[in-house]
>>> print(open('coords-v9.tsv').read())   # TSV, C-alpha atoms
chain	number	residue	atom	x	y	z
V	195	MET	CA	3.77	-19.75	12.53
V	196	ILE	CA	5.76	-20.85	9.48
V	197	THR	CA	4.71	-18.74	6.52
V	198	ALA	CA	4.97	-19.63	2.86
V	199	GLU	CA	3.79	-18.56	-0.57
V	200	ARG	CA	3.03	-20.59	-3.66
V	201	LYS	CA	5.75	-20.90	-6.25
V	202	PRO	CA	5.19	-19.25	-9.65
V	203	MET	CA	2.92	-21.28	-11.91
V	204	ALA	CA	5.56	-21.52	-14.63
V	205	GLU	CA	7.97	-23.19	-12.21
V	206	LEU	CA	5.37	-25.70	-11.06
V	207	ILE	CA	4.46	-26.57	-14.63
V	208	GLU	CA	8.11	-27.31	-15.42
V	209	CYS	CA	8.37	-29.56	-12.35
V	210	VAL	CA	5.47	-31.82	-13.28
V	211	LYS	CA	5.62	-31.61	-17.08
V	212	PRO	CA	7.51	-34.92	-17.50
V	213	PHE	CA	4.87	-36.82	-15.49
V	214	ARG	CA	1.34	-38.04	-16.15
V	215	ARG	CA	0.09	-38.99	-12.69
V	216	ILE	CA	0.53	-36.35	-9.98
V	217	LEU	CA	-0.20	-36.48	-6.26
V	218	LEU	CA	-0.88	-32.95	-5.03
V	219	ALA	CA	-0.54	-32.96	-1.23
V	220	GLY	CA	-1.59	-30.10	1.00
V	221	CYS	CA	-1.03	-29.56	4.72
V	222	ASN	CA	-3.63	-28.55	7.28
V	223	GLU	CA	-1.25	-26.60	9.52
V	224	CYS	CA	0.72	-23.39	8.94
V	225	VAL	CA	0.36	-23.23	5.17
V	226	THR	CA	-3.41	-23.47	5.58
V	227	VAL	CA	-3.45	-20.48	7.91
V	228	CYS	CA	-1.38	-18.33	5.55
V	229	ALA	CA	-3.46	-19.51	2.57
V	230	ALA	CA	-0.56	-21.10	0.71
V	231	GLY	CA	-1.11	-24.85	0.84
V	232	GLY	CA	-4.34	-25.93	2.51
V	233	ARG	CA	-7.26	-27.87	1.06
V	234	LYS	CA	-8.58	-24.83	-0.79
V	235	GLU	CA	-5.20	-24.04	-2.34
V	236	VAL	CA	-4.75	-27.69	-3.37
V	237	GLY	CA	-8.03	-27.51	-5.29
V	238	ILE	CA	-7.12	-24.23	-6.96
V	239	LEU	CA	-3.69	-25.44	-8.05
V	240	ALA	CA	-5.05	-28.77	-9.27
V	241	SER	CA	-7.60	-26.98	-11.45
V	242	ALA	CA	-4.97	-24.59	-12.82
V	243	LEU	CA	-2.60	-27.43	-13.74
V	244	LYS	CA	-5.36	-29.42	-15.41
V	245	MET	CA	-6.45	-26.43	-17.47
V	246	HIS	CA	-2.90	-25.69	-18.58
V	247	PHE	CA	-2.06	-29.23	-19.68
V	248	GLN	CA	-5.44	-29.66	-21.33
V	249	LYS	CA	-4.64	-26.68	-23.52
V	250	GLU	CA	-1.26	-28.23	-24.28
V	251	ASN	CA	-2.96	-31.53	-25.24
V	252	HIS	CA	-0.95	-33.19	-22.47
V	253	PRO	CA	-3.43	-35.24	-20.42
V	254	ILE	CA	-2.61	-35.60	-16.73
V	255	GLU	CA	-4.26	-37.17	-13.71
V	256	ILE	CA	-4.11	-35.37	-10.38
V	257	LYS	CA	-4.96	-36.95	-7.05
V	258	GLU	CA	-5.63	-34.46	-4.25
V	259	ILE	CA	-5.08	-34.98	-0.53
V	260	THR	CA	-4.56	-32.69	2.44
V	261	LEU	CA	-2.82	-34.18	5.47
V	262	GLU	CA	-3.15	-32.94	9.02
V	263	ARG	CA	0.63	-32.45	9.05
V	264	GLN	CA	3.30	-33.35	6.53
V	265	CYS	CA	6.15	-32.92	9.02
V	266	ASP	CA	4.84	-35.86	11.09
V	267	PRO	CA	5.59	-39.44	9.93
V	268	GLU	CA	2.29	-40.64	11.40
V	269	TYR	CA	0.29	-38.50	8.99
V	270	VAL	CA	2.68	-38.86	6.03
V	271	GLU	CA	2.01	-42.59	6.17
V	272	GLN	CA	-1.49	-41.83	4.88
V	273	LEU	CA	0.10	-41.20	1.47
V	274	ALA	CA	1.32	-44.81	1.20
V	275	PRO	CA	-1.80	-46.22	-0.51
V	276	LEU	CA	-1.59	-43.53	-3.17
V	277	ILE	CA	2.13	-43.52	-3.90
V	278	GLU	CA	2.18	-46.50	-6.24
V	279	GLU	CA	-0.61	-44.91	-8.28
V	280	VAL	CA	1.34	-41.75	-9.13
V	281	ASP	CA	4.61	-40.71	-10.78
V	282	VAL	CA	5.44	-37.64	-8.70
V	283	VAL	CA	4.44	-35.83	-5.51
V	284	LEU	CA	3.91	-32.08	-5.52
V	285	SER	CA	3.87	-30.99	-1.88
V	286	MET	CA	2.24	-27.76	-0.74
V	287	ALA	CA	3.72	-28.07	2.78
V	288	CYS	CA	6.60	-26.07	4.21
V	289	GLY	CA	10.15	-27.29	3.65
V	290	CYS	CA	9.94	-29.57	6.69
V	291	GLY	CA	6.93	-31.39	5.27
V	292	VAL	CA	8.48	-31.74	1.82
V	293	GLN	CA	11.59	-33.32	3.34
V	294	GLU	CA	9.58	-35.77	5.44
V	295	VAL	CA	7.58	-36.94	2.42
V	296	ALA	CA	10.81	-37.34	0.43
V	297	ARG	CA	12.42	-39.27	3.31
V	298	ARG	CA	9.51	-41.67	3.66
V	299	PHE	CA	9.09	-42.32	-0.08
V	300	SER	CA	12.71	-42.20	-1.19
V	301	HIS	CA	11.96	-43.79	-4.58
V	302	MET	CA	9.45	-41.09	-5.52
V	303	PRO	CA	10.26	-37.63	-6.97
V	304	VAL	CA	8.95	-34.97	-4.56
V	305	PHE	CA	8.78	-31.30	-5.50
V	306	PRO	CA	7.86	-28.30	-3.32
V	307	ALA	CA	4.91	-26.24	-4.52
V	308	VAL	CA	5.53	-23.39	-2.08
V	309	ASN	CA	8.47	-21.30	-0.93
V	310	THR	CA	8.91	-21.35	2.86
V	311	LYS	CA	9.53	-17.76	3.98
V	312	PHE	CA	9.85	-17.30	7.75
V	313	MET	CA	8.28	-17.76	11.17
V	314	GLY	CA	5.89	-14.89	11.61
V	315	ALA	CA	2.87	-13.38	13.27
V	316	SER	CA	-0.28	-11.98	11.74
V	317	GLU	CA	-0.33	-8.18	11.71
V	318	ALA	CA	-3.56	-7.88	9.73
V	319	PRO	CA	-5.77	-10.17	7.63
V	320	GLY	CA	-3.52	-11.62	4.95
V	321	LEU	CA	-0.37	-9.94	6.29
V	322	TRP	CA	2.36	-11.80	8.20
V	323	ALA	CA	5.59	-10.32	9.53
V	324	GLU	CA	8.78	-12.13	10.54
V	325	ARG	CA	9.10	-12.43	14.29
V	326	CYS	CA	11.43	-15.37	14.95
V	327	LYS	CA	14.49	-16.92	13.29
V	328	GLY	CA	14.57	-20.02	15.48
V	329	CYS	CA	18.07	-19.17	16.71
V	330	GLY	CA	17.78	-21.59	19.65
V	331	ASP	CA	19.01	-19.12	22.29
V	332	CYS	CA	15.97	-16.99	23.07
V	333	VAL	CA	16.56	-13.56	24.66
V	334	LEU	CA	12.95	-12.32	24.60
V	335	GLY	CA	12.84	-12.25	28.41
V	336	TYR	CA	15.54	-9.57	28.38
V	337	THR	CA	14.26	-7.54	25.45
V	338	GLY	CA	10.65	-6.95	26.39
V	339	GLY	CA	9.30	-9.74	24.20
V	340	ILE	CA	10.68	-8.14	21.01
V	341	CYS	CA	13.25	-10.17	19.08
V	342	PRO	CA	16.40	-8.24	18.09
V	343	ILE	CA	17.55	-11.10	15.87
V	344	SER	CA	14.52	-11.10	13.58
V	345	ARG	CA	13.50	-7.45	13.90
V	346	CYS	CA	16.80	-5.56	13.96
V	347	SER	CA	18.25	-5.29	10.45
V	348	LYS	CA	21.75	-5.78	11.87
V	349	GLN	CA	20.73	-8.33	14.53
V	350	LEU	CA	22.29	-6.20	17.25
V	351	LEU	CA	22.05	-7.50	20.82
V	352	ASN	CA	22.95	-4.42	22.85
V	353	GLY	CA	21.15	-1.35	21.61
V	354	PRO	CA	20.61	0.47	18.30
V	355	CYS	CA	23.23	1.34	15.71
V	356	GLY	CA	24.17	4.89	14.81
V	357	GLY	CA	21.79	4.87	11.87
V	358	SER	CA	18.61	4.83	13.95
V	359	THR	CA	16.72	8.14	13.63
V	360	ASN	CA	13.52	9.14	15.40
V	361	GLY	CA	12.78	5.52	16.23
V	362	LYS	CA	13.14	4.34	12.63
V	363	CYS	CA	15.67	2.04	10.98
V	364	GLU	CA	18.17	3.46	8.53
V	365	ILE	CA	17.17	0.93	5.86
V	366	ASN	CA	13.74	2.49	5.45
V	367	PRO	CA	11.86	5.27	7.27
V	368	ASP	CA	8.79	3.02	7.40
V	369	VAL	CA	10.65	0.34	9.37
V	370	ASP	CA	10.66	0.66	13.15
V	371	CYS	CA	14.00	0.47	14.93
V	372	ALA	CA	13.77	-2.78	16.91
V	373	TRP	CA	15.77	-1.34	19.79
V	374	GLN	CA	13.50	1.67	20.03
V	375	LEU	CA	10.60	-0.77	20.36
V	376	ILE	CA	12.54	-2.73	22.98
V	377	TRP	CA	13.31	0.42	24.97
V	378	ASP	CA	9.69	1.58	24.84
V	379	ARG	CA	8.52	-1.83	26.01
V	380	LEU	CA	11.03	-2.04	28.87
V	381	LYS	CA	10.08	1.48	29.92
V	382	ALA	CA	6.39	0.56	29.96
V	383	LEU	CA	7.22	-2.46	32.11
V	384	GLY	CA	9.37	-0.43	34.50
V	385	LYS	CA	12.35	-2.64	33.60
V	386	THR	CA	14.75	-0.18	32.02
V	387	GLU	CA	17.57	-1.42	34.24
V	388	ILE	CA	17.71	-4.52	32.03
V	389	TYR	CA	18.84	-2.27	29.19
V	390	GLU	CA	22.06	-1.53	31.11
V	391	GLU	CA	23.05	-5.19	31.17
V	392	ASN	CA	25.17	-6.40	28.27
V	393	LEU	CA	23.88	-9.48	26.52
V	394	PRO	CA	26.68	-11.94	25.72
V	395	ALA	CA	27.48	-12.88	22.15
V	396	LYS	CA	25.11	-15.57	20.94
V	397	ASP	CA	26.27	-19.15	20.70
V	398	TRP	CA	25.11	-19.84	17.16
V	399	ARG	CA	25.96	-23.52	17.58
V	400	SER	CA	22.64	-23.84	19.40
V	401	GLY	CA	20.78	-21.98	16.70
V	402	GLY	CA	21.40	-21.10	13.07
V	403	GLY	CA	24.81	-22.76	12.77
V	404	GLY	CA	26.62	-25.92	13.76
V	405	GLY	CA	24.60	-28.40	11.74
V	406	PRO	CA	21.10	-29.83	12.03
V	407	ARG	CA	19.36	-29.55	15.40
V	408	LYS	CA	17.21	-32.13	17.14
V	409	ILE	CA	15.04	-31.94	20.23
V	410	PHE	CA	13.58	-34.92	22.04
V	411	ARG	CA	10.29	-35.13	23.88
V	412	GLU	CA	12.06	-35.72	27.18
V	413	ASP	CA	13.88	-32.41	26.64
V	414	LEU	CA	10.50	-30.68	26.34
V	415	ALA	CA	9.28	-32.27	29.56
V	416	SER	CA	12.35	-31.35	31.62
>>> encode(input="coords-v9.tsv", output="structure tokens")
Amino acid sequence: MITAERKPMAELIECVKPFRRILLAGCNECVTVCAAGGRKEVGILASALKMHFQKENHPIEIKEITLERQCDPEYVEQLAPLIEEVDVVLSMACGCGVQEVARRFSHMPVFPAVNTKFMGASEAPGLWAERCKGCGDCVLGYTGGICPISRCSKQLLNGPCGGSTNGKCEINPDVDCAWQLIWDRLKALGKTEIYEENLPAKDWRSGGGGGPRKIFREDLAS
């Protein structure tokens, strides 16, 4: 799940201060789950902005809407009837959603209301931890389902560094060594022989480097 957190209020105020009519758009997907940009958060932010500008004697009008997804052109099209009635869009979606809204309504200023953080998993209520960097060359089948790219501080592919001590990472004694977790998992699975195989260097052209990536539906079906 993509995780995000709302930008500081002072930054959001500066973004919309030059405008009178604001469209505050939430997203009903990832940012709803991590309580950063769903319908509830849209309402809270709208109220906070109205209160601030009322105190400043700067009247504003805020229209609120929460789309099913902002990264999908089909749902973004639902904003069309509202666009001509506003001066700016403040999007509470992840970076993908913000870009899609800006692409569709190229004449309209679009500002992000949240900071997109990472792809993570829920460890406890209200706590998400990074688990995937979207590198495009997944090795989880060889590492016991534990990602060395997102969970090893040095992104090592073939075992721990010399700084690992008692199963903990050298950056912080509270941080587990990813390769200790991988070894423990492979041992539990009876697959420790995989550990002896060297993983080749990653081809970052298929992941974090080499320009924007695209995937087509026929690729998913093949």
>>> residues_around(input="coords-v9.tsv", residues="range 214-218 of chain V", least_positions_apart="4", cutoff="12 Å", atoms="only C-alpha atoms", output="VMD selection string")
chain V and resid 206 to 207 209 to 210 231 to 241 243 to 244 247 to 248 251 to 261 273 to 287 292 295 302 to 308
>>> residues_around(input="coords-v9.tsv", residues="range 358-367 of chain V", least_positions_apart="3", cutoff="10 Å", atoms="all atoms listed in the file", output="PDB file with C-alpha atoms, in the coordinates of the input")
ATOM      1  CA  CYS V 346      16.800  -5.560  13.960  1.00  0.00           C
ATOM      2  CA  SER V 347      18.250  -5.290  10.450  1.00  0.00           C
ATOM      3  CA  LYS V 348      21.750  -5.780  11.870  1.00  0.00           C
ATOM      4  CA  PRO V 354      20.610   0.470  18.300  1.00  0.00           C
ATOM      5  CA  CYS V 355      23.230   1.340  15.710  1.00  0.00           C
ATOM      6  CA  ASP V 370      10.660   0.660  13.150  1.00  0.00           C
ATOM      7  CA  CYS V 371      14.000   0.470  14.930  1.00  0.00           C
ATOM      8  CA  ALA V 372      13.770  -2.780  16.910  1.00  0.00           C
ATOM      9  CA  TRP V 373      15.770  -1.340  19.790  1.00  0.00           C
ATOM     10  CA  GLN V 374      13.500   1.670  20.030  1.00  0.00           C
ATOM     11  CA  LEU V 375      10.600  -0.770  20.360  1.00  0.00           C
ATOM     12  CA  ASP V 378       9.690   1.580  24.840  1.00  0.00           C
TER      13      ASP V 378
END
>>> axis_aligned_box(input="coords-v9.tsv", around="range 332-339 of chain V", padding_each_side="3 Å", output="JSON")
{"center_x": 12.9, "center_y": -12.0, "center_z": 25.7, "size_x": 13.3, "size_y": 16.0, "size_z": 11.3}
>>> atom_distance(input="coords-v9.tsv", atom1="CA of Glu262 in chain V", atom2="CA of Pro319 in chain V")
23.0 Å
>>> atom_distance(input="coords-v9.tsv", atom1="CA of Asn222 in chain V", atom2="CA of Glu205 in chain V")
23.3 Å
>>> atom_distance(input="coords-v9.tsv", atom1="CA of Arg345 in chain V", atom2="CA of Ile388 in chain V")
18.8 Å
>>> closest_residue(input="coords-v9.tsv", among="V:Met245, V:Cys341, V:Glu250, V:Asp397", to="Ile376 in chain V", atoms="all atoms listed in the file")
V:Cys341
>>> closest_residue(input="coords-v9.tsv", among="V:Ser344, V:Gln293, V:Gln272, V:Gln264", to="Glu223 in chain V", atoms="only C-alpha atoms")
V:Gln264
>>> closest_residue(input="coords-v9.tsv", among="V:Trp377, V:Phe213, V:Trp398, V:Tyr269", to="Arg298 in chain V", atoms="only C-alpha atoms")
V:Tyr269
>>> closest_residue(input="coords-v9.tsv", among="V:Cys290, V:His246, V:Pro342, V:Met195", to="Lys211 in chain V", atoms="only C-alpha atoms")
V:His246
